[in-house]
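Visitor: Sharing structure-v7.cif (mmCIF, C-alpha atoms and all ligand atoms) below.
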```
data_entry
#
loop_
_atom_site.label_atom_id
_atom_site.label_comp_id
_atom_site.auth_asym_id
_atom_site.auth_seq_id
_atom_site.Cartn_x
_atom_site.Cartn_y
_atom_site.Cartn_z
CA MET A 1 -31.63 -61.41 116.45
CA LYS A 2 -31.75 -57.82 117.69
CA GLU A 3 -27.96 -57.78 117.97
CA LYS A 4 -27.59 -58.85 114.32
CA ILE A 5 -30.08 -56.17 113.25
CA LYS A 6 -28.16 -53.54 115.19
CA ALA A 7 -24.86 -54.62 113.67
CA ILE A 8 -26.29 -54.14 110.18
CA ILE A 9 -27.67 -50.72 111.06
CA LEU A 10 -24.36 -49.59 112.53
CA GLU A 11 -22.48 -50.74 109.42
CA ASN A 12 -24.70 -48.46 107.34
CA THR A 13 -24.93 -45.24 109.26
CA GLU A 14 -22.50 -42.57 110.37
CA MET A 15 -24.92 -41.13 112.86
CA LEU A 16 -25.12 -43.60 115.71
CA THR A 17 -22.93 -45.37 118.22
CA ALA A 18 -23.77 -48.81 119.64
CA GLU A 19 -24.75 -47.20 122.95
CA GLU A 20 -27.19 -44.82 121.29
CA LEU A 21 -28.88 -47.51 119.21
CA THR A 22 -31.54 -48.76 121.61
CA ASP A 23 -34.30 -51.21 120.65
CA ASP A 24 -37.01 -48.57 120.43
CA LEU A 25 -35.01 -45.61 119.13
CA GLN A 26 -37.00 -43.89 116.36
CA LEU A 27 -34.59 -44.22 113.45
CA ILE A 28 -36.33 -42.43 110.59
CA THR A 29 -38.54 -39.80 112.21
CA SER A 30 -35.67 -38.76 114.49
CA GLY A 31 -33.42 -38.21 111.50
CA PHE A 32 -30.75 -40.81 112.30
CA ILE A 33 -31.39 -42.87 109.20
CA ASP A 34 -32.89 -41.95 105.86
CA SER A 35 -34.62 -44.01 103.23
CA PHE A 36 -31.41 -44.40 101.20
CA GLU A 37 -29.67 -46.09 104.10
CA ILE A 38 -32.65 -48.37 104.62
CA ILE A 39 -32.47 -49.44 100.97
CA GLN A 40 -28.74 -50.13 101.35
CA MET A 41 -29.46 -52.40 104.31
CA ILE A 42 -32.08 -54.49 102.51
CA ASP A 43 -29.55 -56.84 100.88
CA ARG A 44 -27.86 -57.42 104.21
CA PHE A 45 -31.12 -58.21 105.96
CA GLU A 46 -32.02 -60.60 103.15
CA GLN A 47 -28.71 -62.45 103.40
CA GLU A 48 -28.52 -62.52 107.16
CA PHE A 49 -32.10 -63.59 107.84
CA HIS A 50 -32.84 -65.57 104.64
CA VAL A 51 -35.93 -63.60 103.68
CA ALA A 52 -36.98 -61.90 100.46
CA LEU A 53 -37.57 -58.14 100.72
CA PRO A 54 -38.47 -56.98 97.20
CA LEU A 55 -37.79 -53.26 96.80
CA GLU A 56 -41.15 -52.63 95.17
CA ASP A 57 -42.94 -53.74 98.35
CA ILE A 58 -40.86 -51.75 100.81
CA GLU A 59 -42.76 -49.87 103.52
CA LEU A 60 -40.46 -47.51 105.36
CA SER A 61 -42.62 -47.70 108.46
CA ASP A 62 -41.39 -51.30 108.92
CA PHE A 63 -37.92 -49.88 109.56
CA GLU A 64 -38.71 -47.25 112.16
CA SER A 65 -36.96 -49.02 115.05
CA VAL A 66 -34.97 -52.17 115.83
CA ASN A 67 -38.15 -53.62 117.33
CA ASP A 68 -40.11 -52.84 114.15
CA ILE A 69 -37.45 -54.41 111.94
CA GLU A 70 -37.40 -57.55 114.06
CA ARG A 71 -41.20 -57.80 113.92
CA MET A 72 -41.18 -57.36 110.14
CA LEU A 73 -38.40 -59.92 109.59
CA LEU A 74 -40.15 -62.48 111.79
CA ALA A 75 -43.40 -61.99 109.87
CA LYS A 76 -41.64 -62.37 106.52
CA GLY A 77 -39.75 -65.42 107.75
CA GLU A 78 -42.96 -67.14 108.82
CA LYS A 79 -44.58 -66.43 105.49
CA SER A 80 -41.77 -68.03 103.52
CA ALA A 81 -41.32 -70.97 105.95
CA MET B 82 -63.69 -20.51 97.47
CA GLU B 83 -65.63 -20.99 100.71
CA GLN B 84 -63.96 -19.94 103.94
CA ARG B 85 -62.69 -22.84 105.97
CA ARG B 86 -61.76 -22.82 109.63
CA ILE B 87 -58.02 -22.64 110.26
CA CYS B 88 -56.28 -24.18 113.27
CA SER B 89 -55.85 -21.60 116.01
CA ARG B 90 -52.16 -22.53 116.47
CA CYS B 91 -50.80 -23.33 113.00
CA ALA B 92 -52.03 -22.64 109.47
CA MET B 93 -53.77 -25.92 108.62
CA PRO B 94 -57.31 -25.64 107.25
CA GLU B 95 -59.99 -27.98 108.55
CA THR B 96 -60.21 -30.85 106.05
CA PRO B 97 -62.78 -33.60 106.59
CA GLY B 98 -61.15 -36.97 107.28
CA HIS B 99 -57.64 -35.51 107.57
CA ILE B 100 -57.37 -32.28 109.56
CA THR B 101 -59.83 -31.96 112.43
CA LEU B 102 -60.15 -29.08 114.88
CA ASP B 103 -61.05 -29.75 118.51
CA ALA B 104 -63.20 -27.67 120.86
CA GLU B 105 -60.34 -25.20 121.32
CA GLY B 106 -59.89 -24.91 117.56
CA VAL B 107 -56.55 -26.76 117.65
CA CYS B 108 -55.80 -29.25 114.87
CA ASN B 109 -54.85 -32.91 115.26
CA LEU B 110 -51.30 -32.23 113.98
CA CYS B 111 -50.62 -29.64 116.67
CA ARG B 112 -52.02 -32.05 119.29
CA ARG B 113 -49.86 -34.87 117.95
CA ASP B 114 -46.74 -32.71 118.15
CA GLU B 115 -47.61 -31.73 121.70
CA ASN B 116 -47.51 -35.40 122.67
CA VAL B 117 -44.30 -36.10 120.75
CA VAL B 118 -42.51 -33.21 122.47
CA LYS B 119 -43.64 -34.49 125.87
CA GLY B 120 -42.19 -37.94 125.24
CA LYS B 121 -39.10 -36.49 123.60
CA SER B 122 -36.63 -39.16 122.57
CA ALA B 123 -33.12 -38.83 121.17
CA SER B 124 -32.96 -37.09 117.80
CA PHE B 125 -30.33 -36.40 115.19
CA PHE B 126 -31.51 -32.82 114.96
CA GLY B 127 -30.53 -32.26 118.59
CA MET B 128 -26.95 -33.47 118.16
CA ASP B 129 -24.09 -30.97 118.35
CA SER B 130 -23.12 -29.38 115.07
CA GLU B 131 -19.56 -30.70 114.99
CA ARG B 132 -20.78 -34.27 115.08
CA LYS B 133 -23.36 -33.57 112.39
CA ILE B 134 -20.76 -32.08 110.06
CA GLN B 135 -18.39 -34.99 110.68
CA ALA B 136 -21.21 -37.38 109.79
CA LEU B 137 -21.74 -35.48 106.54
CA LYS B 138 -18.04 -35.60 105.68
CA ASN B 139 -17.98 -39.36 106.24
CA LYS B 140 -20.93 -39.73 103.92
CA LEU B 141 -19.24 -37.61 101.25
CA ALA B 142 -16.11 -39.71 101.35
CA LYS B 143 -18.15 -42.89 101.03
CA ARG B 144 -20.19 -41.71 98.05
CA ARG B 145 -17.48 -40.14 95.93
CA GLY B 146 -17.87 -41.54 92.43
CA GLY B 147 -15.25 -42.23 89.80
CA GLY B 148 -15.98 -39.18 87.67
CA LYS B 149 -14.82 -35.60 87.68
CA TYR B 150 -17.45 -34.35 90.13
CA ASP B 151 -17.77 -35.07 93.85
CA CYS B 152 -21.51 -34.60 93.89
CA ALA B 153 -24.41 -33.03 92.06
CA VAL B 154 -26.52 -30.16 93.29
CA ALA B 155 -29.96 -29.89 91.74
CA VAL B 156 -30.50 -26.15 91.34
CA SER B 157 -33.88 -24.60 90.69
CA GLY B 158 -32.66 -21.02 91.01
CA GLY B 159 -34.36 -20.71 94.38
CA LYS B 160 -32.55 -19.81 97.58
CA ASP B 161 -32.35 -23.28 99.10
CA SER B 162 -30.79 -24.98 96.12
CA LEU B 163 -28.35 -22.14 95.52
CA MET B 164 -27.38 -22.26 99.18
CA ALA B 165 -26.76 -25.99 98.78
CA LEU B 166 -24.46 -25.20 95.85
CA TYR B 167 -22.67 -22.58 97.95
CA ILE B 168 -22.22 -25.02 100.84
CA ALA B 169 -20.90 -27.73 98.52
CA LYS B 170 -18.29 -25.46 96.98
CA LYS B 171 -17.37 -23.05 99.76
CA GLU B 172 -18.01 -24.88 103.02
CA LEU B 173 -17.24 -28.43 101.99
CA GLY B 174 -14.61 -27.67 99.34
CA LEU B 175 -16.18 -30.05 96.83
CA ASN B 176 -16.27 -29.94 93.05
CA PRO B 177 -20.04 -30.12 92.50
CA LEU B 178 -21.90 -30.33 89.20
CA GLY B 179 -24.90 -28.00 89.17
CA ILE B 180 -27.92 -29.48 87.39
CA PHE B 181 -30.66 -27.07 86.40
CA LEU B 182 -33.79 -28.85 85.34
CA ASP B 183 -36.19 -26.44 83.77
CA ASN B 184 -39.69 -27.89 83.75
CA GLY B 185 -40.74 -25.24 81.24
CA PHE B 186 -42.24 -22.99 83.92
CA SER B 187 -39.15 -21.42 85.48
CA ILE B 188 -39.44 -17.72 86.22
CA PRO B 189 -36.95 -15.30 84.61
CA GLU B 190 -34.98 -14.54 87.80
CA MET B 191 -34.20 -18.25 88.16
CA TYR B 192 -32.08 -18.37 85.00
CA GLU B 193 -30.22 -15.28 86.06
CA ASN B 194 -29.65 -16.55 89.61
CA ILE B 195 -28.28 -19.83 88.36
CA GLN B 196 -25.92 -18.32 85.81
CA ASN B 197 -24.59 -15.85 88.36
CA ALA B 198 -24.03 -18.61 90.91
CA SER B 199 -22.29 -20.81 88.37
CA ASP B 200 -19.99 -17.97 87.26
CA ILE B 201 -19.17 -16.65 90.72
CA LEU B 202 -18.63 -20.05 92.33
CA ASN B 203 -16.83 -21.38 89.24
CA VAL B 204 -19.05 -24.46 89.17
CA ASP B 205 -19.92 -26.44 86.03
CA LEU B 206 -23.58 -26.50 85.17
CA ILE B 207 -25.87 -28.66 83.07
CA MET B 208 -29.02 -26.89 81.94
CA PHE B 209 -31.72 -29.28 80.84
CA ARG B 210 -35.08 -28.05 79.64
CA THR B 211 -37.77 -30.65 79.29
CA ASN B 212 -41.13 -30.51 77.55
CA THR B 213 -42.29 -33.72 79.17
CA MET B 214 -43.79 -31.82 82.07
CA LYS B 215 -45.78 -29.51 79.84
CA ASN B 216 -47.09 -32.42 77.78
CA LEU B 217 -47.93 -34.43 80.86
CA PHE B 218 -49.60 -31.49 82.62
CA ARG B 219 -51.80 -30.96 79.57
CA VAL B 220 -53.04 -34.53 79.70
CA MET B 221 -53.50 -34.29 83.46
CA LEU B 222 -55.47 -31.04 83.30
CA GLU B 223 -57.73 -32.26 80.53
CA SER B 224 -58.53 -35.39 82.55
CA ARG B 225 -59.84 -33.20 85.42
CA MET B 226 -58.79 -35.95 87.80
CA GLU B 227 -57.60 -35.36 91.35
CA LEU B 228 -53.87 -35.08 90.82
CA TYR B 229 -51.18 -33.32 92.80
CA TYR B 230 -49.09 -31.53 90.20
CA CYS B 231 -46.12 -30.74 92.44
CA ARG B 232 -45.84 -34.39 93.40
CA VAL B 233 -45.77 -35.48 89.76
CA CYS B 234 -43.23 -32.79 88.86
CA HIS B 235 -40.92 -33.61 91.79
CA LEU B 236 -40.87 -37.31 90.94
CA LEU B 237 -40.05 -36.58 87.32
CA LEU B 238 -37.35 -34.04 88.19
CA ASP B 239 -35.85 -36.58 90.56
CA LYS B 240 -35.74 -39.13 87.79
CA PHE B 241 -34.15 -36.77 85.25
CA ILE B 242 -31.55 -35.58 87.73
CA LYS B 243 -30.62 -39.11 88.72
CA ASP B 244 -30.32 -40.11 85.07
CA ILE B 245 -27.82 -37.28 84.57
CA CYS B 246 -25.94 -38.35 87.71
CA LEU B 247 -25.57 -41.88 86.40
CA GLN B 248 -24.17 -40.53 83.12
CA HIS B 249 -21.49 -38.70 85.10
CA ASP B 250 -20.77 -41.41 87.65
CA ILE B 251 -22.07 -39.21 90.49
CA HIS B 252 -23.53 -40.99 93.51
CA LEU B 253 -24.41 -38.14 95.80
CA ILE B 254 -26.95 -35.39 95.32
CA LEU B 255 -27.05 -32.47 97.69
CA GLY B 256 -30.63 -31.29 97.64
CA GLY B 257 -31.98 -28.04 98.93
CA TYR B 258 -34.72 -29.14 101.25
CA THR B 259 -35.76 -26.50 103.74
CA LYS B 260 -36.64 -26.93 107.36
CA GLY B 261 -40.31 -27.63 106.83
CA GLN B 262 -39.67 -30.13 104.07
CA SER B 263 -38.82 -33.69 103.38
CA TYR B 264 -36.60 -34.91 106.19
CA ILE B 265 -39.29 -34.22 108.74
CA ALA B 266 -41.93 -36.86 108.16
CA GLN B 267 -44.99 -35.23 106.68
CA ASP B 268 -47.61 -37.94 106.99
CA GLU B 269 -50.34 -35.39 106.40
CA LEU B 270 -49.33 -35.30 102.73
CA PHE B 271 -49.17 -39.07 102.25
CA TRP B 272 -52.88 -39.55 101.54
CA ILE B 273 -52.64 -36.85 98.86
CA TYR B 274 -49.61 -38.53 97.30
CA ASP B 275 -51.31 -41.94 97.38
CA LEU B 276 -54.52 -40.69 95.83
CA SER B 277 -52.63 -38.71 93.18
CA ASP B 278 -50.31 -41.63 92.34
CA ARG B 279 -53.26 -44.01 91.95
CA ASN B 280 -55.04 -41.57 89.68
CA MET B 281 -51.87 -41.07 87.65
CA LEU B 282 -51.68 -44.81 87.07
CA THR B 283 -55.27 -44.88 85.83
CA LEU B 284 -54.64 -41.88 83.61
CA LEU B 285 -51.44 -43.26 82.10
CA GLU B 286 -53.19 -46.49 81.12
CA SER B 287 -54.94 -44.57 78.37
CA HIS B 288 -51.82 -42.64 77.35
CA PRO B 289 -49.29 -45.07 75.94
CA GLU B 290 -46.92 -42.18 75.11
CA PHE B 291 -46.13 -41.99 78.85
CA ALA B 292 -46.12 -45.73 79.47
CA ASP B 293 -42.53 -45.69 80.72
CA LEU B 294 -43.56 -43.50 83.66
CA ALA B 295 -46.24 -45.82 85.02
CA GLU B 296 -43.77 -47.93 86.98
CA MET B 297 -42.68 -44.85 88.91
CA PHE B 298 -46.18 -44.02 90.13
CA ARG B 299 -46.89 -47.61 91.14
CA ASN B 300 -44.44 -47.35 94.05
CA PRO B 301 -42.12 -44.34 93.92
CA VAL B 302 -39.89 -45.41 96.84
CA GLY B 303 -39.44 -48.84 95.31
CA TYR B 304 -38.90 -47.43 91.83
CA PHE B 305 -36.06 -45.15 92.87
CA ALA B 306 -34.56 -47.82 95.11
CA LYS B 307 -34.52 -50.25 92.23
CA HIS B 308 -33.25 -48.02 89.43
CA TYR B 309 -31.02 -45.58 91.28
CA LYS B 310 -29.86 -47.64 94.18
CA SER B 311 -26.33 -46.24 94.20
CA ILE B 312 -27.39 -42.59 94.38
CA GLU B 313 -27.86 -41.00 97.76
CA GLN B 314 -29.71 -37.75 98.12
CA ILE B 315 -29.14 -35.67 101.21
CA SER B 316 -30.05 -32.23 102.41
CA PRO B 317 -27.12 -30.14 103.62
CA PHE B 318 -29.59 -28.29 105.85
CA LYS B 319 -29.88 -31.39 107.95
CA TYR B 320 -26.22 -30.96 108.89
CA PHE B 321 -25.76 -27.18 108.89
CA ASP B 322 -27.88 -24.80 110.93
CA TYR B 323 -28.89 -21.74 108.97
CA ASP B 324 -31.33 -18.97 109.53
CA GLU B 325 -33.63 -18.28 106.59
CA ASP B 326 -32.90 -14.53 106.54
CA ASP B 327 -29.16 -15.11 106.75
CA ILE B 328 -29.34 -17.35 103.69
CA ILE B 329 -31.04 -14.70 101.56
CA GLN B 330 -28.61 -12.02 102.73
CA LEU B 331 -25.60 -14.18 102.01
CA LEU B 332 -26.88 -15.12 98.56
CA LYS B 333 -27.68 -11.52 97.71
CA ASN B 334 -24.24 -10.35 98.80
CA GLU B 335 -22.15 -13.15 97.36
CA LEU B 336 -24.11 -14.60 94.43
CA LYS B 337 -26.13 -11.56 93.24
CA PHE B 338 -29.30 -13.43 94.15
CA LYS B 339 -32.60 -11.87 93.12
CA VAL B 340 -35.96 -12.57 94.72
CA PRO B 341 -38.56 -13.09 91.97
CA ALA B 342 -41.01 -10.26 91.37
CA TYR B 343 -43.88 -12.58 90.43
CA SER B 344 -44.33 -15.98 92.05
CA TRP B 345 -46.63 -17.82 94.45
CA PRO B 346 -46.55 -17.40 97.40
CA LYS B 347 -45.08 -13.92 97.18
CA ASN B 348 -41.29 -13.73 97.56
CA SER B 349 -40.97 -17.46 96.98
CA THR B 350 -38.86 -19.03 94.26
CA ASN B 351 -41.43 -21.53 93.05
CA CYS B 352 -42.10 -22.02 89.36
CA MET B 353 -44.89 -20.39 87.39
CA PHE B 354 -47.03 -23.51 87.43
CA ASN B 355 -47.32 -23.21 91.19
CA PHE B 356 -50.16 -20.68 90.86
CA LEU B 357 -52.29 -23.35 89.21
CA ALA B 358 -50.91 -26.26 91.25
CA GLN B 359 -51.79 -24.51 94.50
CA TYR B 360 -55.23 -23.48 93.27
CA LEU B 361 -56.05 -27.04 92.23
CA ALA B 362 -54.54 -28.67 95.32
CA ARG B 363 -56.72 -26.52 97.59
CA LYS B 364 -59.78 -27.24 95.51
CA GLN B 365 -59.19 -30.98 95.22
CA PHE B 366 -57.48 -31.91 98.48
CA GLY B 367 -58.00 -28.96 100.82
CA TYR B 368 -54.33 -28.11 101.24
CA SER B 369 -50.87 -28.66 99.78
CA GLN B 370 -47.26 -28.93 100.86
CA HIS B 371 -47.23 -25.16 101.39
CA GLU B 372 -49.77 -25.33 104.24
CA THR B 373 -48.04 -28.32 105.83
CA GLU B 374 -44.54 -26.80 105.55
CA MET B 375 -45.54 -23.43 106.92
CA SER B 376 -47.51 -25.05 109.72
CA GLY B 377 -44.51 -27.18 110.63
CA ILE B 378 -42.33 -24.08 110.86
CA VAL B 379 -44.97 -22.32 112.99
CA ARG B 380 -45.13 -25.31 115.33
CA SER B 381 -41.35 -25.32 115.70
CA GLY B 382 -41.56 -21.69 116.79
CA GLU B 383 -39.57 -20.28 113.89
CA MET B 384 -42.39 -18.30 112.30
CA THR B 385 -45.50 -16.63 113.66
CA ARG B 386 -48.91 -17.96 112.68
CA GLU B 387 -49.81 -14.51 111.34
CA CYS B 388 -46.80 -14.47 109.05
CA ALA B 389 -47.62 -17.97 107.73
CA LEU B 390 -51.24 -17.03 107.09
CA GLU B 391 -50.25 -13.84 105.32
CA THR B 392 -47.93 -15.79 103.03
CA LEU B 393 -50.51 -18.49 102.34
CA ASN B 394 -53.09 -15.83 101.57
CA SER B 395 -50.98 -14.46 98.73
CA PRO B 396 -53.61 -13.95 96.04
CA ILE B 397 -54.08 -16.25 93.08
CA THR B 398 -56.06 -14.38 90.43
CA ARG B 399 -57.92 -15.64 87.40
CA ALA B 400 -55.27 -13.93 85.28
CA ASP B 401 -52.50 -15.87 87.05
CA LEU B 402 -54.29 -19.12 86.22
CA GLN B 403 -54.98 -18.11 82.62
CA ASN B 404 -51.34 -17.25 82.20
CA VAL B 405 -50.28 -20.78 83.19
CA LEU B 406 -53.02 -22.44 81.14
CA ASN B 407 -51.87 -20.50 78.09
CA ILE B 408 -48.36 -21.88 78.46
CA VAL B 409 -49.72 -25.42 78.72
CA GLY B 410 -52.18 -24.85 75.93
CA VAL B 411 -55.33 -25.81 77.78
CA SER B 412 -58.62 -23.93 77.76
CA GLU B 413 -59.70 -22.26 80.98
CA GLU B 414 -62.92 -24.26 80.92
CA ILE B 415 -61.10 -26.90 82.95
CA LEU B 416 -61.25 -24.54 85.92
CA ASP B 417 -65.04 -24.73 86.12
ZN ZN C 501 -52.56 -26.86 114.03
#
```
Before anything else, please render the file you have as structure tokens.
Ligand SMILES: [Zn+2]

Guide:
Amino acid sequence: MKEKIKAIILENTEMLTAEELTDDLQLITSGFIDSFEIIQMIDRFEQEFHVALPLEDIELSDFESVNDIERMLLAKGEKSA
Amino acid sequence: MEQRRICSRCAMPETPGHITLDAEGVCNLCRRDENVVKGKSASFFGMDSERKIQALKNKLAKRRGGGKYDCAVAVSGGKDSLMALYIAKKELGLNPLGIFLDNGFSIPEMYENIQNASDILNVDLIMFRTNTMKNLFRVMLESRMELYYCRVCHLLLDKFIKDICLQHDIHLILGGYTKGQSYIAQDELFWIYDLSDRNMLTLLESHPEFADLAEMFRNPVGYFAKHYKSIEQISPFKYFDYDEDDIIQLLKNELKFKVPAYSWPKNSTNCMFNFLAQYLARKQFGYSQHETEMSGIVRSGEMTRECALETLNSPITRADLQNVLNIVGVSEEILD
């Protein structure tokens, strides 16, 4: 799952290489990714992981690291299952 | 206003529930930063400048729209936005559209600065003056609710600018955020934004003339994501390293830039309403974005604490406040 998340992040940012993108890298506060890029990734996360992520409920803190994104996606997945 | 204790390292005032000072007089934000620096992880800001500029160029190529302009630059007439316009045209070789959104409180030097920049750089410019802000501010002031005026204004400006971008098929906005602002997470302002947004929603319920704005205050991030999904806003200062003094010198030399004679804090390029916005923010919340920005710059070692405090102590007189209230058309009783 983490590898899929990383692939989506790398598709959407110019700032990181696969080596630099570690599981706990701070994506937003360290300036690698901004809120616009997060929003662009939402559709991809929805398709890839079959969850609904309505834009009006977005909390940017859920996207701070690969670990955070995984945790959020798992929580959403359980809710809809 | 009663004297409040100020952090002994930065310029944050003690604010119950939000900014606490420890036994050494150091605030929780300075302590938090101490810990972050110790556990320093990789950061975009530490990357070499060539790679940063390449990243920016890739972004530009990706976001080029189908219209005449490569990007928009929202210009206020202040140094940061004019520098962004300069970078777009001169350093990046783009054809930017300057968008000047006048909230009705622009100071005279701003108009002059913008026209000079547009002429000298040979950049097209849209000047849009709105009365929405004035009308909304009147309703807000009369309500006497806890509202953060700069927050409301910035959201509205953002919306207007993005509407103009959509009309011109522009998908990239170069914004003039400075070092202390925006791209560095400023959690210490979030509670003020949340409280102000909630109060705005309550207020707008009884003002159907502004009903179309309610959705924006319900969840600003979601609102912009939903309605302006194709428009990316980036700060060129994230990619280029500039010294504050160098910027002013360059703008003075090349764009005939003038520093305003009358603004708050002194030598800033903020609009006239800022006198009142700052006065009310301090009274209602304890501090504003000015304290947090300056404190961030002090913490990063780029400004002395004394210099920050001197700037933040720029006076706000009763006459300054009356002046703004006159423009809005509200009686000064609301100050009591
Ligand atoms: Zn401090």

Visitor: Select all residues from chain B having any atom no more than 8 Å from an atom of chain A (counting all atoms listed in the file, ignoring ligands), output as a list in words.

Guide: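 The contacting residues on chain B are Ser122, Ala123, Ser124, Phe125, Phe126, Lys133, Ala136, Asn139, Lys140, Tyr264, Ile265, Ala266, Asn300, Val302, Gly303, Tyr304, Ala306, Lys307, Lys310, Glu313 and Gln314 of chain B.
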
Visitor: How would you write, as a PyMOL selection string, the set of residues no farther than 6 Å from ligand ZN 501 (chain C) when counting only C-alpha atoms and all ligand atoms?

Guide: chain B and resi 88+90-91+93+107-108+110-111

Visitor: Show which residues sit within 12 Å of B:Asp200, as an NGL selection string. Count all atoms listed in the file, and ignore same-chain residues fewer than 5 positions away.

Guide: :B and (167 or 179 or 193-195 or 205-206 or 335-337)

Visitor: Please compute the atom CA of B:Phe318-atom CA of B:Ala165 distance, one decimal, in Å.

Guide: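 For atom CA of B:Phe318 relative to atom CA of B:Ala165, the distance reads 8.0 Å.
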
Visitor: In Å to one decimal, how far is atom CA of A:Glu11 from atom CA of B:Gly174?

Guide: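 Computed distance, atom CA of B:Gly174 to atom CA of A:Glu11, equals 26.4 Å.
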